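As provided, upload_28.txt (compact mmCIF, C-alpha atoms and all ligand atoms) reads as follows.
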```
# COMPACT_ATOMS: atom_id res chain seq x y z
CA MET A 1 0.00 0.00 0.00
CA ASN A 2 2.77 2.40 1.08
CA ALA A 3 4.85 1.42 -1.89
CA GLY A 4 1.84 2.24 -4.09
CA ILE A 5 1.48 5.75 -2.59
CA ASP A 6 5.23 6.41 -2.91
CA LEU A 7 5.12 5.43 -6.55
CA LEU A 8 2.15 7.76 -7.07
CA ASN A 9 4.02 10.64 -5.39
CA VAL A 10 7.12 10.04 -7.49
CA LEU A 11 5.05 10.01 -10.66
CA LYS A 12 3.23 13.18 -9.59
CA SER A 13 6.45 15.04 -8.81
CA ARG A 14 7.92 13.91 -12.18
CA ALA A 15 4.85 15.19 -13.95
CA VAL A 16 5.17 18.53 -12.13
CA THR A 17 8.85 18.73 -13.05
CA VAL A 18 8.15 17.97 -16.71
CA ALA A 19 5.32 20.52 -16.83
CA PHE A 20 7.59 23.09 -15.18
CA LEU A 21 10.38 22.46 -17.72
CA TRP A 22 7.91 22.78 -20.61
CA ALA A 23 6.65 26.08 -19.21
CA VAL A 24 10.23 27.40 -18.92
CA ALA A 25 10.96 26.27 -22.48
CA ALA A 26 7.81 28.01 -23.74
CA VAL A 27 8.82 31.28 -22.04
CA VAL A 28 12.36 31.06 -23.44
CA PHE A 29 11.09 30.38 -26.98
CA THR A 30 8.65 33.27 -26.75
CA LEU A 31 11.41 35.62 -25.57
CA ILE A 32 13.72 34.49 -28.39
CA ALA A 33 10.94 35.04 -30.92
CA GLU A 34 10.25 38.52 -29.48
CA ILE A 35 13.84 39.72 -29.76
CA SER A 36 14.71 37.96 -33.00
CA PRO A 37 14.88 40.31 -36.03
CA CYS A 38 12.97 37.68 -38.02
CA ARG A 39 9.87 38.52 -36.08
CA SER A 40 9.53 41.95 -37.66
CA GLU A 41 10.21 40.43 -41.08
CA PRO A 42 7.93 37.45 -41.59
CA ALA A 43 9.19 35.41 -44.53
CA ASN A 44 5.92 35.86 -46.42
CA GLY A 45 5.83 39.67 -46.06
CA PHE A 46 8.50 40.24 -48.74
CA GLU A 47 9.85 43.27 -46.80
CA GLN A 48 13.40 42.49 -47.85
CA GLU A 49 12.48 42.11 -51.52
CA ARG A 50 10.51 45.36 -51.38
CA ARG A 51 13.40 47.26 -49.81
CA HIS A 52 15.78 45.85 -52.38
CA MET A 53 13.39 46.87 -55.17
CA VAL A 54 13.20 50.44 -53.85
CA THR A 55 16.98 50.75 -53.61
CA THR A 56 18.10 49.09 -56.81
CA GLN A 57 15.20 49.73 -59.20
CA LEU A 58 14.02 53.14 -58.03
CA ARG A 59 16.55 55.14 -55.97
CA GLU A 60 19.58 54.07 -57.98
CA ARG A 61 17.74 54.92 -61.22
CA GLY A 62 16.92 58.43 -60.13
CA VAL A 63 13.48 58.30 -58.50
CA GLU A 64 13.98 60.82 -55.71
CA ASP A 65 10.52 61.83 -54.53
CA ALA A 66 10.44 60.79 -50.88
CA ALA A 67 6.66 60.28 -50.70
CA THR A 68 6.70 58.03 -53.78
CA LEU A 69 9.60 55.98 -52.43
CA ARG A 70 7.77 55.59 -49.12
CA ALA A 71 4.62 54.46 -50.91
CA MET A 72 6.55 51.94 -53.02
CA ALA A 73 8.26 50.65 -49.87
CA THR A 74 4.87 50.20 -48.21
CA VAL A 75 2.43 48.71 -50.74
CA PRO A 76 2.54 44.89 -50.70
CA ARG A 77 2.94 44.38 -54.49
CA HIS A 78 2.83 40.58 -54.03
CA LEU A 79 -0.84 40.89 -53.04
CA PHE A 80 -1.68 42.40 -56.43
CA VAL A 81 -0.25 39.67 -58.68
CA PRO A 82 -1.63 36.18 -59.32
CA ASP A 83 -0.73 33.79 -56.48
CA SER A 84 1.51 31.75 -58.77
CA LEU A 85 3.65 34.86 -59.46
CA GLN A 86 4.02 36.14 -55.89
CA ARG A 87 7.70 35.22 -55.76
CA SER A 88 8.35 37.38 -58.84
CA ALA A 89 6.27 40.32 -57.61
CA TYR A 90 9.30 42.52 -56.85
CA ALA A 91 11.25 41.64 -60.00
CA ASP A 92 12.28 44.42 -62.37
CA THR A 93 9.59 43.64 -64.91
CA PRO A 94 5.89 43.89 -65.74
CA LEU A 95 3.89 40.73 -64.98
CA PRO A 96 0.75 39.19 -66.51
CA ILE A 97 -2.45 39.67 -64.50
CA GLY A 98 -4.83 37.80 -66.82
CA HIS A 99 -7.09 38.89 -69.70
CA GLY A 100 -3.99 39.84 -71.70
CA GLN A 101 -3.19 42.71 -69.30
CA THR A 102 -0.13 43.45 -67.19
CA ILE A 103 0.86 45.08 -63.92
CA SER A 104 3.52 47.67 -64.83
CA GLN A 105 7.19 47.35 -63.89
CA PRO A 106 7.84 48.92 -60.44
CA TYR A 107 10.09 51.62 -61.95
CA ILE A 108 7.34 52.78 -64.33
CA VAL A 109 4.78 52.88 -61.50
CA ALA A 110 7.14 54.95 -59.34
CA TYR A 111 8.21 57.25 -62.17
CA MET A 112 4.62 58.00 -63.20
CA THR A 113 3.55 58.49 -59.59
CA ALA A 114 6.39 60.91 -58.86
CA MET A 115 5.56 62.91 -62.01
CA LEU A 116 2.05 63.60 -60.68
CA ALA A 117 3.51 65.59 -57.74
CA LEU A 118 0.56 64.55 -55.58
CA GLU A 119 -0.28 66.30 -52.35
CA PRO A 120 -2.46 64.77 -49.63
CA HIS A 121 -5.49 66.94 -50.52
CA HIS A 122 -5.25 66.16 -54.27
CA LYS A 123 -7.91 64.22 -56.13
CA VAL A 124 -6.50 61.75 -58.66
CA LEU A 125 -8.14 59.73 -61.43
CA GLU A 126 -6.54 56.57 -62.76
CA ILE A 127 -7.71 55.00 -66.02
CA GLY A 128 -6.77 51.31 -66.17
CA THR A 129 -7.04 49.83 -62.66
CA GLY A 130 -5.72 46.44 -63.80
CA SER A 131 -4.45 44.70 -60.67
CA GLY A 132 -5.17 47.69 -58.42
CA TYR A 133 -1.47 48.11 -57.53
CA GLN A 134 -1.01 51.60 -58.98
CA ALA A 135 -4.23 52.68 -57.25
CA ALA A 136 -2.84 51.39 -53.93
CA VAL A 137 0.39 53.35 -54.47
CA LEU A 138 -1.68 56.48 -55.16
CA ALA A 139 -3.76 55.77 -52.05
CA GLU A 140 -0.59 55.96 -49.95
CA LEU A 141 -0.29 59.59 -51.11
CA THR A 142 -3.89 60.83 -50.99
CA ASP A 143 -7.25 59.62 -49.71
CA HIS A 144 -8.94 60.84 -52.91
CA VAL A 145 -8.25 58.12 -55.47
CA TYR A 146 -10.70 57.30 -58.28
CA THR A 147 -9.92 54.44 -60.63
CA MET A 148 -11.67 52.94 -63.67
CA GLU A 149 -11.24 49.55 -65.32
CA ILE A 150 -12.94 48.43 -68.53
CA ILE A 151 -12.63 44.63 -68.01
CA PRO A 152 -15.31 43.57 -65.49
CA GLU A 153 -13.37 40.59 -64.07
CA LEU A 154 -10.29 42.73 -63.43
CA ALA A 155 -12.41 45.46 -61.84
CA THR A 156 -13.94 42.90 -59.47
CA SER A 157 -10.65 41.27 -58.49
CA ALA A 158 -8.86 44.63 -58.08
CA ASP A 159 -11.67 45.79 -55.82
CA SER A 160 -11.25 42.76 -53.55
CA ARG A 161 -7.46 42.99 -53.58
CA LEU A 162 -7.56 46.68 -52.65
CA LYS A 163 -10.02 46.04 -49.82
CA ALA A 164 -8.07 43.03 -48.56
CA ALA A 165 -4.89 45.13 -48.44
CA GLY A 166 -6.73 47.85 -46.49
CA TYR A 167 -7.10 50.46 -49.27
CA THR A 168 -10.75 51.05 -48.53
CA SER A 169 -10.84 54.72 -49.55
CA VAL A 170 -10.20 53.95 -53.25
CA GLN A 171 -13.27 54.54 -55.43
CA LEU A 172 -13.40 51.98 -58.24
CA ARG A 173 -15.75 52.00 -61.19
CA GLN A 174 -16.02 49.43 -63.96
CA GLY A 175 -16.38 51.00 -67.38
CA ASP A 176 -14.68 52.76 -70.29
CA GLY A 177 -12.41 55.43 -68.86
CA TYR A 178 -12.43 57.44 -72.09
CA ASN A 179 -15.15 59.65 -70.69
CA GLY A 180 -13.50 59.96 -67.30
CA TRP A 181 -15.56 60.34 -64.12
CA PRO A 182 -17.50 63.59 -64.63
CA SER A 183 -19.32 63.53 -61.29
CA ALA A 184 -16.02 63.47 -59.37
CA ALA A 185 -14.21 66.01 -61.62
CA PRO A 186 -12.17 68.18 -61.63
CA PHE A 187 -9.04 66.19 -60.82
CA ASP A 188 -5.69 67.56 -59.73
CA ALA A 189 -4.05 64.63 -61.44
CA VAL A 190 -4.94 62.02 -64.05
CA ILE A 191 -2.88 58.91 -64.72
CA VAL A 192 -3.60 56.65 -67.67
CA THR A 193 -1.96 53.21 -67.60
CA ALA A 194 -2.91 52.01 -71.11
CA ALA A 195 -1.53 53.49 -74.35
CA ALA A 196 -3.96 55.75 -76.19
CA GLU A 197 -3.59 56.93 -79.80
CA PHE A 198 -4.45 60.43 -78.60
CA ILE A 199 -5.28 62.11 -75.31
CA PRO A 200 -8.99 61.60 -74.66
CA PRO A 201 -10.54 65.12 -74.67
CA PRO A 202 -12.91 64.37 -71.74
CA LEU A 203 -9.88 63.62 -69.55
CA LEU A 204 -8.31 66.95 -70.48
CA LYS A 205 -11.55 68.68 -69.67
CA GLN A 206 -11.73 67.02 -66.25
CA LEU A 207 -8.19 68.12 -65.36
CA ARG A 208 -8.19 71.00 -62.91
CA GLU A 209 -6.43 74.25 -63.74
CA GLY A 210 -2.81 73.69 -62.66
CA GLY A 211 -3.34 69.93 -62.85
CA ARG A 212 -1.07 67.24 -64.31
CA MET A 213 -1.81 64.22 -66.44
CA ILE A 214 0.57 61.39 -67.27
CA ILE A 215 -0.35 59.21 -70.21
CA PRO A 216 1.38 56.89 -72.68
CA VAL A 217 0.49 58.00 -76.20
CA GLY A 218 1.09 56.05 -79.40
CA SER A 219 0.02 53.12 -81.47
CA PRO A 220 -0.23 49.78 -79.67
CA PHE A 221 2.25 48.12 -82.03
CA PHE A 222 4.78 50.92 -82.38
CA VAL A 223 6.75 53.05 -80.01
CA GLN A 224 4.70 54.96 -77.46
CA HIS A 225 5.76 58.01 -75.51
CA LEU A 226 5.02 58.75 -71.91
CA MET A 227 3.63 62.28 -71.98
CA LEU A 228 3.32 64.79 -69.17
CA VAL A 229 0.36 67.06 -69.82
CA GLU A 230 -0.16 70.27 -67.85
CA LYS A 231 -3.09 72.66 -67.83
CA LYS A 232 -2.04 76.22 -67.05
CA ASN A 233 -4.13 79.35 -67.65
CA ASP A 234 -6.49 77.13 -69.63
CA GLU A 235 -3.64 76.18 -71.95
CA ILE A 236 -2.41 72.66 -72.45
CA THR A 237 1.30 71.92 -72.64
CA THR A 238 2.70 68.46 -73.34
CA ARG A 239 6.17 67.09 -72.83
CA SER A 240 7.45 63.71 -73.98
CA LEU A 241 9.32 62.00 -71.14
CA MET A 242 10.45 58.62 -72.44
CA PRO A 243 9.59 55.80 -74.83
CA VAL A 244 7.45 53.12 -73.18
CA ARG A 245 5.36 50.02 -73.97
CA PHE A 246 1.88 49.72 -72.52
CA VAL A 247 -1.12 47.55 -73.30
CA PRO A 248 -3.61 49.33 -75.60
CA PHE A 249 -6.28 51.72 -74.38
CA ARG A 250 -9.52 50.02 -75.37
CA ARG A 251 -12.92 51.37 -76.20
CA LYS A 252 -16.20 49.78 -75.25
CA GLU A 253 -17.27 47.63 -78.21
N1 LIG A 301 -2.43 50.28 -63.44
C1 LIG A 301 -2.48 48.85 -63.61
C2 LIG A 301 -1.89 48.43 -64.95
C3 LIG A 301 -2.97 47.92 -65.76
S1 LIG A 301 -2.68 47.57 -67.44
C4 LIG A 301 -1.86 48.12 -62.46
O1 LIG A 301 -1.31 48.75 -61.55
O2 LIG A 301 -1.94 46.89 -62.42
C5 LIG A 301 -3.88 48.62 -68.19
C6 LIG A 301 -5.31 48.39 -67.81
O3 LIG A 301 -6.07 49.37 -68.51
C7 LIG A 301 -5.86 47.03 -68.23
O4 LIG A 301 -6.38 46.39 -67.11
C8 LIG A 301 -6.96 47.40 -69.23
O5 LIG A 301 -8.06 46.53 -69.19
C9 LIG A 301 -7.32 48.81 -68.81
N2 LIG A 301 -7.97 49.62 -69.83
C10 LIG A 301 -7.69 49.70 -71.15
N3 LIG A 301 -8.51 50.57 -71.77
C11 LIG A 301 -9.32 51.08 -70.80
C12 LIG A 301 -10.39 52.02 -70.81
N4 LIG A 301 -10.80 52.62 -71.93
N5 LIG A 301 -11.00 52.32 -69.64
C13 LIG A 301 -10.61 51.71 -68.48
N6 LIG A 301 -9.63 50.79 -68.43
C14 LIG A 301 -8.98 50.48 -69.57
```
Show the structure stored in the file as structure tokens.
Amino acid sequence: MNAGIDLLNVLKSRAVTVAFLWAVAAVVFTLIAEISPCRSEPANGFEQERRHMVTTQLRERGVEDAATLRAMATVPRHLFVPDSLQRSAYADTPLPIGHGQTISQPYIVAYMTAMLALEPHHKVLEIGTGSGYQAAVLAELTDHVYTMEIIPELATSADSRLKAAGYTSVQLRQGDGYNGWPSAAPFDAVIVTAAAEFIPPPLLKQLREGGRMIIPVGSPFFVQHLMLVEKKNDEITTRSLMPVRFVPFRRKE
């Protein structure tokens, strides 16, 4: 009988010791995880890739605007590409997003964004939402982002991606952006991310006095030029910035 009780006591004290050791181990692991630098950089957050992209693709190529660089360092680009391409999200290249469309190369997104010289109170219209990535970058700079996409499926998926990434202030409308968004006009800035043969007059009209538009102009199969358009004293001036290649600006059939 006594031997039985002793055995029980021994087993109990062993169990207490084991539980105590497990508790100590748990505390130690938690502390290590807290102080480890890996904790602030979860492997699936792509922070390192994003920082590398900002340094090598943007800063070293002359993008200087601090607000744009901050936005590019913040927006999780990997959440705006198809899942199968997440690992390539920060590569120095455009990527397919379905329906024959592409998300622009990071450098082009940053360059166009910087050219808009956005201020926090500015209202900006984007034509060609695509993945929603450019709209998210704009939303890091102002709460007044309007974006239009002609392909219904892309409009729907961009809307969910933007919401999932927390960009809930972005106004998205599915439709032909040729006619702009008259009820929200005038805009301090307009950015067109598909190549048009000419600058759509309604977009010029909806540009505020002193406003800036950036738009690739040219034939879909030849060289296109990224144009900076400014409206000053009711006069339009255009400046060609660089040769580019964009998907074509479509019209509603
Ligand atoms: N800014 C996008 C790039 C999209 S590619 C991004 O960050 O991912 C250009 C997009 O313009 C395509 O999705 C295409 O469907 C859209 N587009 C082309 N013509 C358009 C039009 N007339 N109105 C609205 N969107 C248009």
Distance filter 7 Å around ligand LIG 301 (chain A), atoms: only C-alpha atoms and all ligand atoms, out as a PyMOL selection string
chain A and resi 101-104+127-135+148-151+154+175-178+193-194+247-252
Once you have the residues from the selection above, write them out as a compact mmCIF listing (two decimals), in the frame of the given file, restricted to C-alpha atoms.
```txt
# COMPACT_ATOMS: atom_id res chain seq x y z
CA GLN A 101 -3.19 42.71 -69.30
CA THR A 102 -0.13 43.45 -67.19
CA ILE A 103 0.86 45.08 -63.92
CA SER A 104 3.52 47.67 -64.83
CA ILE A 127 -7.71 55.00 -66.02
CA GLY A 128 -6.77 51.31 -66.17
CA THR A 129 -7.04 49.83 -62.66
CA GLY A 130 -5.72 46.44 -63.80
CA SER A 131 -4.45 44.70 -60.67
CA GLY A 132 -5.17 47.69 -58.42
CA TYR A 133 -1.47 48.11 -57.53
CA GLN A 134 -1.01 51.60 -58.98
CA ALA A 135 -4.23 52.68 -57.25
CA MET A 148 -11.67 52.94 -63.67
CA GLU A 149 -11.24 49.55 -65.32
CA ILE A 150 -12.94 48.43 -68.53
CA ILE A 151 -12.63 44.63 -68.01
CA LEU A 154 -10.29 42.73 -63.43
CA GLY A 175 -16.38 51.00 -67.38
CA ASP A 176 -14.68 52.76 -70.29
CA GLY A 177 -12.41 55.43 -68.86
CA TYR A 178 -12.43 57.44 -72.09
CA THR A 193 -1.96 53.21 -67.60
CA ALA A 194 -2.91 52.01 -71.11
CA VAL A 247 -1.12 47.55 -73.30
CA PRO A 248 -3.61 49.33 -75.60
CA PHE A 249 -6.28 51.72 -74.38
CA ARG A 250 -9.52 50.02 -75.37
CA ARG A 251 -12.92 51.37 -76.20
CA LYS A 252 -16.20 49.78 -75.25
```
Gln105 of chain A proximity check over A:Gln57, A:Ser157, A:Gln48, A:Thr74, using all atoms listed in the file: winner is A:Gln57
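Counting from atom CA of Ala158 of chain A, the distance to atom CA of Leu172 of chain A is 8.6 Å.
What separates atom CA of His52 of chain A from atom CA of Ala114 of chain A is a distance of 18.9 Å.
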Exercise for the section: Identify the residues within 12 Å of coordinate (-9.7, 49.7, -48.3) (same frame as the file), considering all atoms listed in the file, and give the answer as a list in words. Expected result: Gly132, Ala135, Ala136, Ala139, Glu140, Asp143, Val145, Ala158, Asp159, Ser160, Arg161, Leu162, Lys163, Ala164, Ala165, Gly166, Tyr167, Thr168, Ser169, Val170, Gln171 and Leu172 of chain A
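Atom CA of Pro220 of chain A is positioned 24.3 Å from atom CA of Trp181 of chain A.
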